Structure formats: structure tokens, C-alpha cells
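Presented below is the structure to which this report refers.
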Amino acid sequence: MPRLASLPFRFPFAGLARGSAGRLRWPLLWPVVPAVLAAHRLPALPSGGWLLALAGVGCLALLTPRAACRYAGVAALAVAFCLWRAGLALGERIDPAIEGVDLAVTGHVESMPVAGSFGYSLRFLIHECRIVDEASGPYALDGLCPAGRRVALRWFGGAKAPMPPPGSRWSLTIRLKRNHAVLNPGGYDAELAALAEGIAGRGYVRPGRSPGVRPTRLPDDVTGVLVGFERARTWVRGRLRQALAEREPAAAGTLVALVVGDQSAIPPRLWQVYQRTGVGHLMSISGLHITMLAAMALWACRRLLAVGARHAPAAFERWPAPTLAWWPALAMAFAYSLFSGWGIPAQRTCWMLAMAALASVTGRAGRIPEVLALAAAVVIASDPWAPLSAGFWLSFAAVSAIVLHGDVGGRRPGWWREAVGTQWAATVAMLPLGAVFFASVSLVGPLANAFAIPLVSAVITPLALAGAALAAMSPGLGGLVLWPVAVVTSLLIKGLEALSTGAGAIAVLAAPGAAALVASMVAAFFLLAPTRPIARRQACILMLPLLAAPDPRPPAGHWRLTAIDVGQGNAVLVETHRHRLLYDTGPTYGPGSDAGMRHILPWLRRRGIGHLDGLVVSHEDDDHAGGAASVLEGLRVERILGSLRPSHPLASDPRFSACARGERWTWDGGE
């Protein structure tokens with residue numbers, strides 16, 4: 001097993017490498033992930049009887065002495081559990097009969113509200129509901145009331161409207177619709193996200209004209225551990241915004257996201273910069289940050305307990321000080337993960353730290369693959385849809401690659417050699433995953449991460465957390481610490497923006513097929529494993545199918561037309577043998593968000609398209625021209641045509657020319 005010296009924060013995992021009394025073994029858990037992935041490929045859910053039979057077969061297989069049968073039993077139980085949870089989630093969706101119907105509901109706010117130009121977005125748990133009929137008044141729904149279900153609501157009224165705090169009970173009039181996603185592969189799957197979050201439907205709060213239906217706050221707020229964390233997040237976020245009110249919005253939003261996990265605080269355009277430079281994983285609460293806090297807590301607790309052990313050694317005979325120090329560190333990791341929103345990287349890190357604590361307490365060590373398998377199984381138990389998300393694979397692949405790369409030659413490297421090796425391992429591991437999930441890879445990522453990782457992890461995040469703690473007591477006091485942090489963050493953003501400009505920042509990779517993906521994963525393994533240099537050179541050949549995916553174009557004399565799903569609006573791609581033209585770019589969805597960014601660019605990149613010969617904007621209406629700026633920023637476009645006024649921003653582009661009646665051209669035998 002490679003040593004763990006190459007981990008960015010190896011101190012919490014030291015117990016895993018030093019155990020001598022044996023190992024914690026979890027060899028049966030590796031089939032969980034492939035089994036759950038296979039379950040998600042089924043076109044329809046089987047009946048409850050089939051699930052019970054499958055679970056029974058899995059239990060019987062676990063009792064057999066043969067390892068192959070026991071592996072099959074674990075896979076069968078994983079599939080049965082995943083399908084059972086999927087059936088429960090699908091059954092929670094609202095009935096189509098109540099879509100667009102006014103509902104008078106009572107319930108409480110579950111999540112920290114997220115501010116937008118329209119008002120607030122929040123999760124709301126419905127306690128009771130009734131349908132509103134103007135003629136007869138409210139009356140009970142017959143079996144269709146979504147009581148006890150969680151819905152995502154938009155509360156209109158502007159960003160200056162009073163914010164509903166988490167745990168507050170309300171009487172509201174709402175309209176709901178079922179969750180749905182666009183049909184374009186490669187983009188954000190809103191329906192999958194709703195299933196994972198347990199959201200039964202989406203809607204908005206109706207203002208109401210009469211006292212009986214207008215939003216009314218009710219007494220007796222809901223209390224609980226999760227609500228308490230959400231209230232704390234909301235309180236700290238408000239204090240941070242007060243302390244950072246005079247700072248640059250981009251830097252202030254990044255600091256808010258790093259402290260409380262509010263990703264909406266970062267403008268969408270800035271997210272594009274972070275993704276193009278490959279540092280998006282740093283600008284949210286990641287496993288690296290949680291491990292850093294746990295390491296600091298573990299170090300401090302061991303020092304304090306060591307002092308106590310010297311003065312009262314009898315009190316530490318049963319539980320030595322190094323073992324007891326794990327529990328405050330573990331509590332810190334779980335508390336901060338809950339405070340940050342309990343994302344997949346946070347879950348993975350917490351369960352790995354829990355395994356490290358268990359190994360330290362029992363005096364047994366576990367191999368990193370076994371620890372990762374256990375952490376993955378626990379994450380899937382809480383979220384069966386996790387293996388379908390990019391965060392799951394990016395999180396586990398990064399840790400696996402760093403550990404696999406280990407120490408070259410078995411000797412302990414210097415800090416600079418360790419940093420370079422860690423960055424190399426993460427870059428190689430992200431190459432196939434970037435092609436699968438983002439259809440691109442950042443060419444400037446290694447350079448950007450070289451200075452962003454130490455700056456964000458060792459300087460910005462610790463000082464931002466300290467400033468947030470002070471701001472919770474006094475915004476003015478917290479501002480004294482947050483002001484220099486904001487200045488450093490602004491300088492970092494400017495450097496990343498300079499790297500992200502130009503077509504050479506990223507390389508567009510078409511979504512790989514199964515064979516190309518497997519070949520690239522094998523290549524990544526040999527490049528990171530302690531193999532001979534000749535084997536690494538040969539492994540590079542296996543990366544070629546990933547980097548040179550075929551470009552399916554129509555034959556000469558033919559053309560292809562593809563309508564891109566952008567919701568209300570229009571976007572059509574026209575392809576000939578050697579040319580491509582995009583007709584219209586869909587609507588805008590809000591400040592900094594449009595169809596070009598959310599749907600068109602991800603789909604084009606998944607096809608491996610990084611260049612357009614022409615862009616036509618038929619007219620100025622938002623549902624046709626709203627995404628044009630994002631398309632022009634994300635792709636290389638040779639020519640722009642449109643019927644736009646001279647005052648329109650696109651009309652000032654040197655590539656733009658106005659459409660003329662009767663204008664036509666011939667591409668590859670098609671007119």
C-alpha cells in the first residue's frame with residue numbers, strides 16, 4: 001500500500017497507516033457502486049414483490065461461504081435498496097391534477113433562503129393544504145394534498161422583502177408543478193436533483209388579495225437540529241454580508257460561499273471563470289477544507305489532552321489521549337459539514353474520518369480502497385442517486401488518485417515534490433471525468449491550482465472562518481479580519497480571470513464512448529501507479545481515443561437540423577459536412593443565467609463542438625437572443641447575422657452583419 005504522505009492533510013489519516021494489530025476489512029462493499037449504477041439503467045421500476053424476492057436472494061447469498069456468492073448478495077441488496085428508494089421518491093411527487101391550482105397551505109421553512117432579484121428561493125415542508133376556489137372557498141383535497149412533502153418555492157417580492165427565517169411557520173397560497181428537466185444530454189438534470197433532495201414539486205408563493213390567503217406567519221416556530229443549523233447558516237451569512245458590504249461583490253460572494261456553502265452568492269459569470277481554470281472545487285466547501293479543520297482540531301485536542309495525561313495519568317489509562325482526541329475532531333468535521341449543507345464531498349470526507357477514528361480506537365488499520373468503499377456505500381445509503389452526480393466521482397477519484405500516486409520510489413518527498421505530485425495525480429484523474437461530465441478539460445488548470453490551492457486552503461478559508469466567527473459577534477470586528485481576506489480574494493479572482501480568457505483556456509472533448517472511457521481509466525491507473533517509465537509511456541497511447549473522439553458529421557450534400565431544448569424559446573443547430581450554424585440562443589432565466597450557459601454550451605461541448613461557422617439571431621426578443629452573449633463567450637464564432645437594432649449589444653460586434661432579404665449561401669452542396 002502506498003504511504004499517505006502525498007495527501008494534502010495526512011495527519012488525520014496517520015492511524016490508518018500505523019495499525020499493527022490487524023485491519024478493518026470491508027471487502028464485500030466494492031460491488032455497491034456498480035450495482036447501483038446498473039439499477040439506474042433500468043427503464044422501469046419492478047414491482048414490490050420482485051424487490052422483496054431480490055432482497056431475500058441477497059440475504060441468502062450472504063450466508064454462503066463462497067466469496068463470489070457473497071459479492072452477488074451485496075450487489076442484489078444494493079439494487080433492491082436503490083429501487084425501493086426510487087419507488088418511494090417517485091411516489092412522493094405531486095399529482096398532475098393539482099398543477100397550476102391555487103393551494104392554501106400551512107407548513108414551515110426548512111432551508112436557508114437564497115436571495116435573488118425576484119425574491120427568495122427556499123424549501124418548504126407542507127403540513128396541511130386545501131384547494132382555493134373563488135366560488136365556494138377552501139375545501140379539503142380528496143387524497144391529492146401533498147401534506148408531509150417538501151417543495152421548492154420562489155417567494156416573490158424583491159430582494160429587499162422580509163426574509164422568512166428557517167423554522168418559521170407560515171400560511172401561504174401557492175401554485176405547484178411537477179419537477180422536470182430539459183431533454184438535452186450533458187446539462188443540469190433538475191429532475192434528478194429534485195429526487196436526490198426529496199423535493200415533490202416546484203412552485204411559487206401567490207401574494208393573495210384577501211386576508212385569508214395572503215402570506216401570514218404563524219406562531220410556534222419549528223425547532224430541531226437541522227433547523228438549528230439552517231438558522232445558524234442564515235445568521236452567519238447575514239453578518240458576513242454586513243461585514244463585507246463595502247468589498248468587491250465577486251470577492252464577497254466567494255467568501256460567503258466558502259464559509260456557509262451558499263453557492264448562489266458567487267455570480268454565474270464568475271463560476272464560468274472558476275470552471276474554465278479548473279478551481280471550481282476550491283470555491284465551495286470541499287473535503288479538503290473539512291479535512292483541514294479536522295486536522296487542526298485533532299492537533300489542538302491532542303496537545304491539550306497530553307497536558308492532562310501528564311498531570312493525571314490514571315484518568316487516561318482506558319482511553320489514551322491520542323484516541324480521545326479523535327472525537328472532538330470528528331464532531332468538528334460533522335458539524336461543519338452540516339453547517340455547509342452536507343454535500344457529497346463533505347459526506348465522503350466525514351465517513352473517511354470516521355473510519356480513521358474507528359481504526360485509531362480499535363488499534364486496527366484499514367487500506368484506503370476499503371475505506372473508500374465503505375465511505376461510498378454509506379453515501380449511497382443516504383443518497384442512492386449520488387453515483388449519477390459529477391461530485392461523487394470527482395470527490396472519490398481525487399482521493400484515490402492522490403493515494404495511488406503515493407511516494408515515488410518509496411521515499412518521503414519534500415513539500416514541493418509532494419505538491420507537484422498531488423497536482424499531477426489530480427490532473428490525470430480529472431481528465432477522463434472532465435470529458436464525461438463537462439465535455440471539456442481546463443488546459444490552465446494545473447497552473448491555476450498550483451497557486452490557488454495553497455492560497456485558498458491555507459490562507460483565505462481559515463481567515464474567512466475566523467472573520468465569520470468574529471462577525472457573528474460584531475460585523476465591525478469581523479470586518480477587520482475579512483477586509484484583507486477580501487483583498488487577497490480579489491487579487492486571486494483577477495489572476496484567474498486573466499488565465500480564463502482566450503480559446504486556449506479549455507479544450508472541448510466530446511463525450512467518450514464506453515471503450516474510450518475504459519481505456520482512459522486504465523491509462524490513468526498506469527500513469528499514477530508505481531510502474532516502470534516504459535509502461536507509463538505506453539499508457540499514454542490509451543488516452544488517444546479520449547482526446548480524439550470521432551466527430552459525426554452529415555455526408556457531403558446532406559444536412560442535419562437539431563432543436564435544442566431551452567424551455568420557452570428557440571435554439572436550432574444546423575450542420576453540413578464541414579460547417580455548423582446556430583439559429584437563435586434561447587431565453588435568459590435571471591441575472592447572470594441564460595439558456596446559452598445552462599443548456600446550449602453543455603450540449604455543444606458534449607458533442608465536441610467548440611467552433612461555429614455562424615450564429616443567427618432572428619430578432620431581439622429575449623426568448624431568441626437571451627443566450628447569445630454566453631454562446632459568444634464560450635465558443636469561437638466566425639460570423640454573426642441578425643435583424644437587430646444598431647443599439648443592440650451584438651450589433652457592435654465586428655463579426656455582426658444585418659440580415660438582408662434574399663441573402664443565401666451554399667455549404668457543402670446544401671443551400
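Identifiers in the C-alpha cells: chain A, B, ... in order shown; residue index from 1 per chain; ligand index from 1 in order shown.
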
Pick out each residue of stretch 482-645 of chain A that DSSP on the backbone tags as helix (DSSP H, G or I); I need them as JSON, numbers by chain. {"A": [482, 483, 484, 485, 486, 487, 488, 489, 490, 491, 492, 493, 494, 495, 496, 497, 498, 499, 500, 503, 504, 505, 514, 515, 516, 517, 518, 519, 520, 521, 522, 523, 524, 525, 526, 527, 528, 533, 534, 535, 536, 537, 538, 539, 540, 541, 544, 545, 546, 547, 595, 596, 597, 598, 599, 600, 601, 602, 603, 604, 605, 606, 622, 623, 624, 625, 628, 629, 630, 631, 632, 633, 634]}

Residues near stretch 93-102 of chain A, anyone? I mean within 6 Å using only C-alpha atoms, not counting same-chain ones fewer than 3 positions away, as a ChimeraX atom specification. /A:90,132,174-177,200

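Residues with any atom within 8 Å of A:Glu638, counting only C-alpha atoms and excluding same-chain neighbours fewer than 6 positions away, are Leu612, Asp613, Gly614 and Arg655 of chain A.
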
Calculate how many Å separate atom CA of A:Val481 from atom CA of A:Ala115, rounding to one decimal. 25.1 Å

Residues near A:Val488, anyone? I mean within 9 Å using only C-alpha atoms, not counting same-chain ones fewer than 5 positions away, as a PyMOL selection string. chain A and resi 251+455+460+483+493

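The shell of residues at most 9 Å from A:Val566, with only C-alpha atoms counted and near chain neighbours (fewer than 4 positions) removed, consists of Val182, Leu183, Asn184, Asn570, Ala571, Thr585, Gly586, Pro587, Ala595, Gly596, Arg598, His599, Ile600 and Asp623 of chain A.
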
What lies within 10 Å of A:Leu477 using only C-alpha atoms, ignoring chain neighbours under 5 positions off, as a ChimeraX atom specification? /A:243,467-472,482

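Using only C-alpha atoms for every distance, the candidate list A:Ala377, A:Leu338, A:Glu248, A:Pro432 yields A:Glu248 as the residue closest to A:Ile266.
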
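Non-sequential neighbours of A:Glu92 (distance at most 12 Å, separation of 3 or more positions within a chain, only C-alpha atoms) are A:Arg85, A:Ala86, A:Gly87, A:Leu88, A:Ala89, A:Asp95, A:Leu144, A:Cys145, A:Pro146, A:Ala147, A:Gly148, A:Arg149, A:Arg150, A:Val151, A:Arg178, A:Asn179, A:Ala194, A:Leu195, A:Glu197, A:Gly198, A:Ile199, A:Ala200, A:Gly201.
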
I need the residues from that last selection saved to file as a PDB file, in the first residue's frame (with C-alpha atoms), if you can.
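Contents of out_20.pdb, as written:
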```pdb
ATOM      1  CA  ARG A  85     -35.840   4.231  -2.516  1.00  0.00           C
ATOM      2  CA  ALA A  86     -36.557   5.235  -6.113  1.00  0.00           C
ATOM      3  CA  GLY A  87     -40.113   3.954  -5.799  1.00  0.00           C
ATOM      4  CA  LEU A  88     -40.631   5.945  -2.617  1.00  0.00           C
ATOM      5  CA  ALA A  89     -39.250   9.116  -4.211  1.00  0.00           C
ATOM      6  CA  ASP A  95     -50.218  14.678  -8.626  1.00  0.00           C
ATOM      7  CA  LEU A 144     -54.246  14.752  -3.524  1.00  0.00           C
ATOM      8  CA  CYS A 145     -52.951  17.061  -0.807  1.00  0.00           C
ATOM      9  CA  PRO A 146     -49.124  16.937  -0.676  1.00  0.00           C
ATOM     10  CA  ALA A 147     -49.088  17.098   3.120  1.00  0.00           C
ATOM     11  CA  GLY A 148     -45.830  15.990   4.690  1.00  0.00           C
ATOM     12  CA  ARG A 149     -43.902  16.642   1.468  1.00  0.00           C
ATOM     13  CA  ARG A 150     -41.097  19.048   0.705  1.00  0.00           C
ATOM     14  CA  VAL A 151     -41.484  21.560  -2.140  1.00  0.00           C
ATOM     15  CA  ARG A 178     -44.052  18.673 -11.155  1.00  0.00           C
ATOM     16  CA  ASN A 179     -40.282  18.559 -11.469  1.00  0.00           C
ATOM     17  CA  ALA A 194     -35.161  17.021  -7.033  1.00  0.00           C
ATOM     18  CA  LEU A 195     -35.267  13.260  -6.464  1.00  0.00           C
ATOM     19  CA  GLU A 197     -33.193  16.271  -2.377  1.00  0.00           C
ATOM     20  CA  GLY A 198     -36.637  14.787  -1.776  1.00  0.00           C
ATOM     21  CA  ILE A 199     -38.467  17.676  -3.479  1.00  0.00           C
ATOM     22  CA  ALA A 200     -42.007  16.695  -4.529  1.00  0.00           C
ATOM     23  CA  GLY A 201     -42.644  19.723  -6.733  1.00  0.00           C
TER      24      GLY A 201
END
```

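Across the structure, atom CA of A:Phe451 and atom CA of A:Leu492 are spaced 8.9 Å apart.
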
d(atom CA of A:Ser657, atom CA of A:His611) in Å: 18.7 Å
